[in-house]
There are 2 protein chains.
Amino acid sequence: MDETAPPTLTALTTYLLSRVGKTARGRLADRLAGRGLRLWHMAVLAALADFGPHAQRDLAARLAIHASDVVKVLDELAVPNWVERVRDPTDRRRIQVSLTAAGRIALAELEADAREVQDRLLEPLSASERSVLNQLLLRVHEQLPD
Amino acid sequence: MDETAPPTLTALTTYLLSRVGKTARGRLADRLAGRGLRLWHMAVLAALADFGPHAQRDLAARLAIHASDVVKVLDELAVPNWVERVRDPTDRRRIQVSLTAAGRIALAELEADAREVQDRLLEPLSASERSVLNQLLLRVHEQLPD
DNA sequence: GTAATTCGTGGGTGCAGACCAATCATTGGT
DNA sequence: ACCAATGATTGGTCTGCACCCACGAATTAC
């Protein structure tokens with residue numbers, strides 16, 4: 001039996017985004033799971049690497065993640081000492097979170113994982129096509145309310 | 001505070017796919033939820049519209065959905081009489097599922113919903129860019145194992 | 001004709017994501 | 001000095017999704 005997807009659906013970019021995005025997410029998540037991590041762990045490390053130390057509430061705002069979930073992610077990132085939590089002296093309610101050297105190394109490994117996943121996923125596309133795809137997605141991404 | 005996403009992540013097409021795909025999925029799902037439906041309902045209707053009647057096992061194979069879940073989706077699609085289940089006379093274990101006229105109309109409405117969601121999501125892209133995006137995603141989609 | 005297999009069905013489990021309510025320490029306004 | 005608001009934390013809930021097991025009816029293999 002023919003196992004192609006319905007053209008009615010593949011004509012919808014929404015559907016393709018949903019479907020391809022889901023497998024992208026799934027494969028990356030699987031890869032991270034091999035290290036006992038989830039996607040948010042990588043996102044948090046990346047945010048700290050790119051923008052420097054954050055108060056937890058700012059991390060939550062930037063990543064559009066619930067504040068209470070930030071706590072749990074940070075708890076797990078603190079175990080291997082990838083992040084450091086220091087109480088902000090100017091406002092002792094806040095906790096400044098920063099990336100450690102070990103965290104930076106770990107992030108680099110996760111990026112390598114992600115690139116492997118990506119190379120396999122985008123195999124049918126040429127280098128320039130991949131670049132176009134990234135550009136288009138980036139433009140769409142930038143105007144997302146989240 | 002700056003609320004942009006980390007470049008380390010946005011440089012990864014995998015991430016963008018995952019993120020944009022998730023909101024695409026979410027928005028479409030919300031829209032369908034307004035009609036009491038989920039994504040699989042639309043997928044099943046589309047498969048029947050595009051490829052004609054299926055035995056349930058073939059629907060499951062085509063859409064890469066678990067057989068036991070097909071049953072539940074069909075149960076719900078049968079309530080408003082959008083699908084018809086007829087026992088296959090040549091193999092009375094099989095049940096041939098076909099789309100009714102009402103089902104075809106319903107699917108058209110769902111497609112309209114999807115296009116609205118899509119227009120808002122892809123707003124920053126020109127018509128030709130949207131077409132390029134669809135082409136690229138389609139190529140990626142076609143080689144997915146599922 | 002009996003055994004093994006297939007198809008649909010029902011009920012139930014497990015997981016991950018997002019969210020919520022309550023609590024405690026700290027701060028800023030007045 | 002007091003009160004309202006904020007930040008972090010804990011320990012839950014709720015939802016959707018995918019999957020699994022066991023069963024009955026029907027078919028195919030031997």
# chains A, B, ... in the order shown; residues from 1 in each chain; ligands from 1

call {"tool": "closest_atom_pairs", "arguments": {"of": "chain B", "to": "chain A", "cutoff": "6 Å", "atoms": "only C-alpha atoms", "output": "tab-separated table"}}
result
residue	atom	partner	partner_atom	distance
B:Glu3	CA	A:Arg62	CA	4.6
B:Pro6	CA	A:Ala47	CA	5.1
B:Thr8	CA	A:Ala46	CA	5.9
B:Thr13	CA	A:Asn134	CA	5.5
B:Thr14	CA	A:Ala24	CA	5.7
B:Leu17	CA	A:Gly21	CA	4.6
B:Ser18	CA	A:Gly21	CA	4.3
B:Gly21	CA	A:Ser18	CA	4.3
B:Ala24	CA	A:Thr14	CA	5.7
B:Arg25	CA	A:Ser18	CA	4.9
B:Ala46	CA	A:Thr8	CA	6.0
B:Ala47	CA	A:Pro6	CA	5.1
B:Asp50	CA	A:Pro6	CA	5.8
B:Arg62	CA	A:Glu3	CA	4.7
B:Gln118	CA	A:Thr14	CA	5.7
B:Asn134	CA	A:Thr13	CA	5.4

call {"tool": "write_last_selection", "arguments": {"atoms": "N, CA and C atoms", "output": "compact mmCIF listing (two decimals), in the first residue's frame"}}
result
# COMPACT_ATOMS: atom_id res chain seq x y z
N GLU B 3 14.79 40.51 25.37
CA GLU B 3 14.10 39.21 25.37
C GLU B 3 14.30 38.41 24.09
N PRO B 6 18.53 33.20 22.23
CA PRO B 6 19.98 33.02 22.10
C PRO B 6 20.40 32.67 20.68
N THR B 8 22.97 31.23 19.70
CA THR B 8 23.46 29.86 19.68
C THR B 8 22.35 28.90 19.26
N THR B 13 19.06 25.29 12.73
CA THR B 13 17.78 25.11 12.05
C THR B 13 16.91 24.13 12.81
N THR B 14 17.55 23.16 13.42
CA THR B 14 16.82 22.19 14.23
C THR B 14 15.99 22.89 15.30
N LEU B 17 13.13 24.94 13.67
CA LEU B 17 12.08 24.02 13.25
C LEU B 17 11.26 23.57 14.44
N SER B 18 11.98 23.21 15.48
CA SER B 18 11.31 22.73 16.68
C SER B 18 10.39 23.79 17.26
N GLY B 21 7.73 25.05 14.57
CA GLY B 21 6.82 23.93 14.39
C GLY B 21 5.89 23.76 15.57
N ALA B 24 3.28 26.43 15.37
CA ALA B 24 2.39 26.11 14.25
C ALA B 24 1.39 25.05 14.71
N ARG B 25 1.94 23.99 15.26
CA ARG B 25 1.11 22.90 15.77
C ARG B 25 0.13 23.39 16.81
N ALA B 46 -8.19 14.07 5.70
CA ALA B 46 -7.38 14.40 4.51
C ALA B 46 -6.92 13.13 3.79
N ALA B 47 -6.50 12.15 4.55
CA ALA B 47 -6.04 10.90 3.94
C ALA B 47 -7.17 10.24 3.17
N ASP B 50 -7.87 12.30 -0.02
CA ASP B 50 -6.85 12.25 -1.06
C ASP B 50 -6.67 10.87 -1.67
N ARG B 62 -0.32 4.65 7.00
CA ARG B 62 -0.06 5.87 6.24
C ARG B 62 0.26 7.05 7.14
N GLN B 118 -2.04 29.82 9.04
CA GLN B 118 -0.82 29.89 8.25
C GLN B 118 -0.51 31.31 7.80
N ASN B 134 7.80 26.19 1.66
CA ASN B 134 7.00 24.97 1.53
C ASN B 134 7.77 23.90 0.75

call {"tool": "select_by_dssp", "arguments": {"residues": "segment 2-88 of chain B", "states": "strand (DSSP E or B)", "output": "PyMOL selection string"}}
result
chain B and resi 54-55+83-87

call {"tool": "write_last_selection", "arguments": {"atoms": "N, CA and C atoms", "output": "PDB file, in the first residue's frame"}}
result
ATOM      1  N   HIS B  54      -9.936   3.569   3.059  1.00  0.00           N
ATOM      2  CA  HIS B  54      -8.844   2.788   3.612  1.00  0.00           C
ATOM      3  C   HIS B  54      -9.398   1.755   4.582  1.00  0.00           C
ATOM      4  N   ALA B  55      -8.695   0.637   4.679  1.00  0.00           N
ATOM      5  CA  ALA B  55      -8.895  -0.199   5.854  1.00  0.00           C
ATOM      6  C   ALA B  55      -8.204   0.516   7.011  1.00  0.00           C
ATOM      7  N   VAL B  83     -17.404  10.166   8.575  1.00  0.00           N
ATOM      8  CA  VAL B  83     -16.840   8.948   7.979  1.00  0.00           C
ATOM      9  C   VAL B  83     -17.852   7.816   8.124  1.00  0.00           C
ATOM     10  N   GLU B  84     -17.674   6.848   7.230  1.00  0.00           N
ATOM     11  CA  GLU B  84     -18.557   5.693   7.233  1.00  0.00           C
ATOM     12  C   GLU B  84     -17.685   4.451   7.365  1.00  0.00           C
ATOM     13  N   ARG B  85     -18.079   3.561   8.236  1.00  0.00           N
ATOM     14  CA  ARG B  85     -17.315   2.332   8.421  1.00  0.00           C
ATOM     15  C   ARG B  85     -18.130   1.162   7.885  1.00  0.00           C
ATOM     16  N   VAL B  86     -17.570   0.489   6.884  1.00  0.00           N
ATOM     17  CA  VAL B  86     -18.253  -0.665   6.308  1.00  0.00           C
ATOM     18  C   VAL B  86     -17.327  -1.870   6.345  1.00  0.00           C
ATOM     19  N   ARG B  87     -17.853  -2.973   6.792  1.00  0.00           N
ATOM     20  CA  ARG B  87     -17.038  -4.182   6.862  1.00  0.00           C
ATOM     21  C   ARG B  87     -16.722  -4.661   5.449  1.00  0.00           C
TER      22      ARG B  87
END

call {"tool": "select_by_dssp", "arguments": {"residues": "segment 1-76 of chain A", "states": "alpha helix (DSSP H)", "output": "MDAnalysis selection string"}}
result
chainID A and resid 7:10 13:33 39:51 56:63 67:76

call {"tool": "residues_around", "arguments": {"residues": "DC17 of chain D", "least_positions_apart": "4", "cutoff": "12 Å", "atoms": "only C-alpha atoms (C1' of nucleotides)", "output": "PDB file with N, CA and C atoms (P, O5', C5', C4', C3', O3' and C1' of nucleotides), in the first residue's frame"}}
result
ATOM      1  N   ARG B  38      -8.972  17.297  17.146  1.00  0.00           N
ATOM      2  CA  ARG B  38      -7.535  17.351  17.281  1.00  0.00           C
ATOM      3  C   ARG B  38      -6.894  17.124  15.912  1.00  0.00           C
ATOM      4  N   LEU B  39      -5.570  17.253  15.876  1.00  0.00           N
ATOM      5  CA  LEU B  39      -4.886  17.215  14.589  1.00  0.00           C
ATOM      6  C   LEU B  39      -5.134  15.916  13.835  1.00  0.00           C
ATOM      7  N   TRP B  40      -5.199  14.828  14.548  1.00  0.00           N
ATOM      8  CA  TRP B  40      -5.376  13.536  13.876  1.00  0.00           C
ATOM      9  C   TRP B  40      -6.699  13.461  13.140  1.00  0.00           C
ATOM     10  N   ILE B  65       0.351   6.314  12.825  1.00  0.00           N
ATOM     11  CA  ILE B  65      -0.365   6.468  14.092  1.00  0.00           C
ATOM     12  C   ILE B  65      -0.685   5.075  14.612  1.00  0.00           C
ATOM     13  N   HIS B  66      -0.779   4.958  15.916  1.00  0.00           N
ATOM     14  CA  HIS B  66      -1.033   3.652  16.496  1.00  0.00           C
ATOM     15  C   HIS B  66      -2.444   3.180  16.166  1.00  0.00           C
ATOM     16  N   ASP B  69      -5.268   3.973  18.306  1.00  0.00           N
ATOM     17  CA  ASP B  69      -5.674   5.387  18.335  1.00  0.00           C
ATOM     18  C   ASP B  69      -6.548   5.731  17.134  1.00  0.00           C
TER      19      ASP B  69
ATOM     20  P    DG C  14       2.603   2.656  34.845  1.00  0.00           P
ATOM     21  O5'  DG C  14       3.442   3.550  33.837  1.00  0.00           O
ATOM     22  C5'  DG C  14       3.777   3.062  32.541  1.00  0.00           C
ATOM     23  C4'  DG C  14       4.539   4.130  31.780  1.00  0.00           C
ATOM     24  C3'  DG C  14       5.246   5.145  32.685  1.00  0.00           C
ATOM     25  O3'  DG C  14       6.536   5.393  32.150  1.00  0.00           O
ATOM     26  C1'  DG C  14       3.691   6.262  31.267  1.00  0.00           C
ATOM     27  P    DC C  15       7.533   6.383  32.861  1.00  0.00           P
ATOM     28  O5'  DC C  15       7.475   7.649  31.902  1.00  0.00           O
ATOM     29  C5'  DC C  15       7.601   7.468  30.495  1.00  0.00           C
ATOM     30  C4'  DC C  15       7.360   8.779  29.781  1.00  0.00           C
ATOM     31  C3'  DC C  15       8.022   9.975  30.473  1.00  0.00           C
ATOM     32  O3'  DC C  15       8.819  10.673  29.539  1.00  0.00           O
ATOM     33  C1'  DC C  15       5.729  10.418  30.008  1.00  0.00           C
ATOM     34  P    DA C  16       9.982  11.668  30.064  1.00  0.00           P
ATOM     35  O5'  DA C  16       9.619  13.015  29.305  1.00  0.00           O
ATOM     36  C5'  DA C  16       9.082  12.956  27.986  1.00  0.00           C
ATOM     37  C4'  DA C  16       8.269  14.205  27.744  1.00  0.00           C
ATOM     38  C3'  DA C  16       8.902  15.455  28.344  1.00  0.00           C
ATOM     39  O3'  DA C  16       8.861  16.491  27.389  1.00  0.00           O
ATOM     40  C1'  DA C  16       6.672  15.210  29.114  1.00  0.00           C
ATOM     41  P    DG C  17       9.645  17.861  27.679  1.00  0.00           P
ATOM     42  O5'  DG C  17       8.470  18.926  27.634  1.00  0.00           O
ATOM     43  C5'  DG C  17       7.493  18.857  26.593  1.00  0.00           C
ATOM     44  C4'  DG C  17       6.325  19.742  26.983  1.00  0.00           C
ATOM     45  C3'  DG C  17       6.782  21.036  27.633  1.00  0.00           C
ATOM     46  O3'  DG C  17       6.407  22.127  26.803  1.00  0.00           O
ATOM     47  C1'  DG C  17       5.127  19.909  28.978  1.00  0.00           C
TER      48       DG C  17
END

call {"tool": "residues_around", "arguments": {"residues": "DC14 of chain D", "least_positions_apart": "5", "cutoff": "12 Å", "atoms": "only C-alpha atoms (C1' of nucleotides)", "output": "NGL selection string"}}
result
:C and (17-20)

call {"tool": "write_last_selection", "arguments": {"atoms": "C-alpha atoms (C1' of nucleotides)", "output": "CSV table (one decimal), in the first residue's frame"}}
result
chain,number,residue,atom,x,y,z
C,17,DG,C1',5.1,19.9,29.0
C,18,DA,C1',2.9,23.7,30.9
C,19,DC,C1',0.7,25.5,34.5
C,20,DC,C1',-0.9,26.6,39.5

call {"tool": "interface_residues", "arguments": {"of": "chain B", "to": "chain D", "cutoff": "8 Å", "atoms": "only C-alpha atoms (C1' of nucleotides)", "output": "PyMOL selection string"}}
result
chain B and resi 66+91-93

call {"tool": "interface_residues", "arguments": {"of": "chain C", "to": "chain B", "cutoff": "12 Å", "atoms": "only C-alpha atoms (C1' of nucleotides)", "output": "ChimeraX atom specification"}}
result
/C:5-11,17

call {"tool": "residues_around", "arguments": {"residues": "Trp82 of chain B", "least_positions_apart": "4", "cutoff": "12 Å", "atoms": "only C-alpha atoms (C1' of nucleotides)", "output": "ChimeraX atom specification"}}
result
/B:41-42,44-46,48-49,73-78,97-107

call {"tool": "atom_distance", "arguments": {"atom1": "atom CA of Gly34 of chain A", "atom2": "atom CA of Val79 of chain A"}}
result
16.6 Å
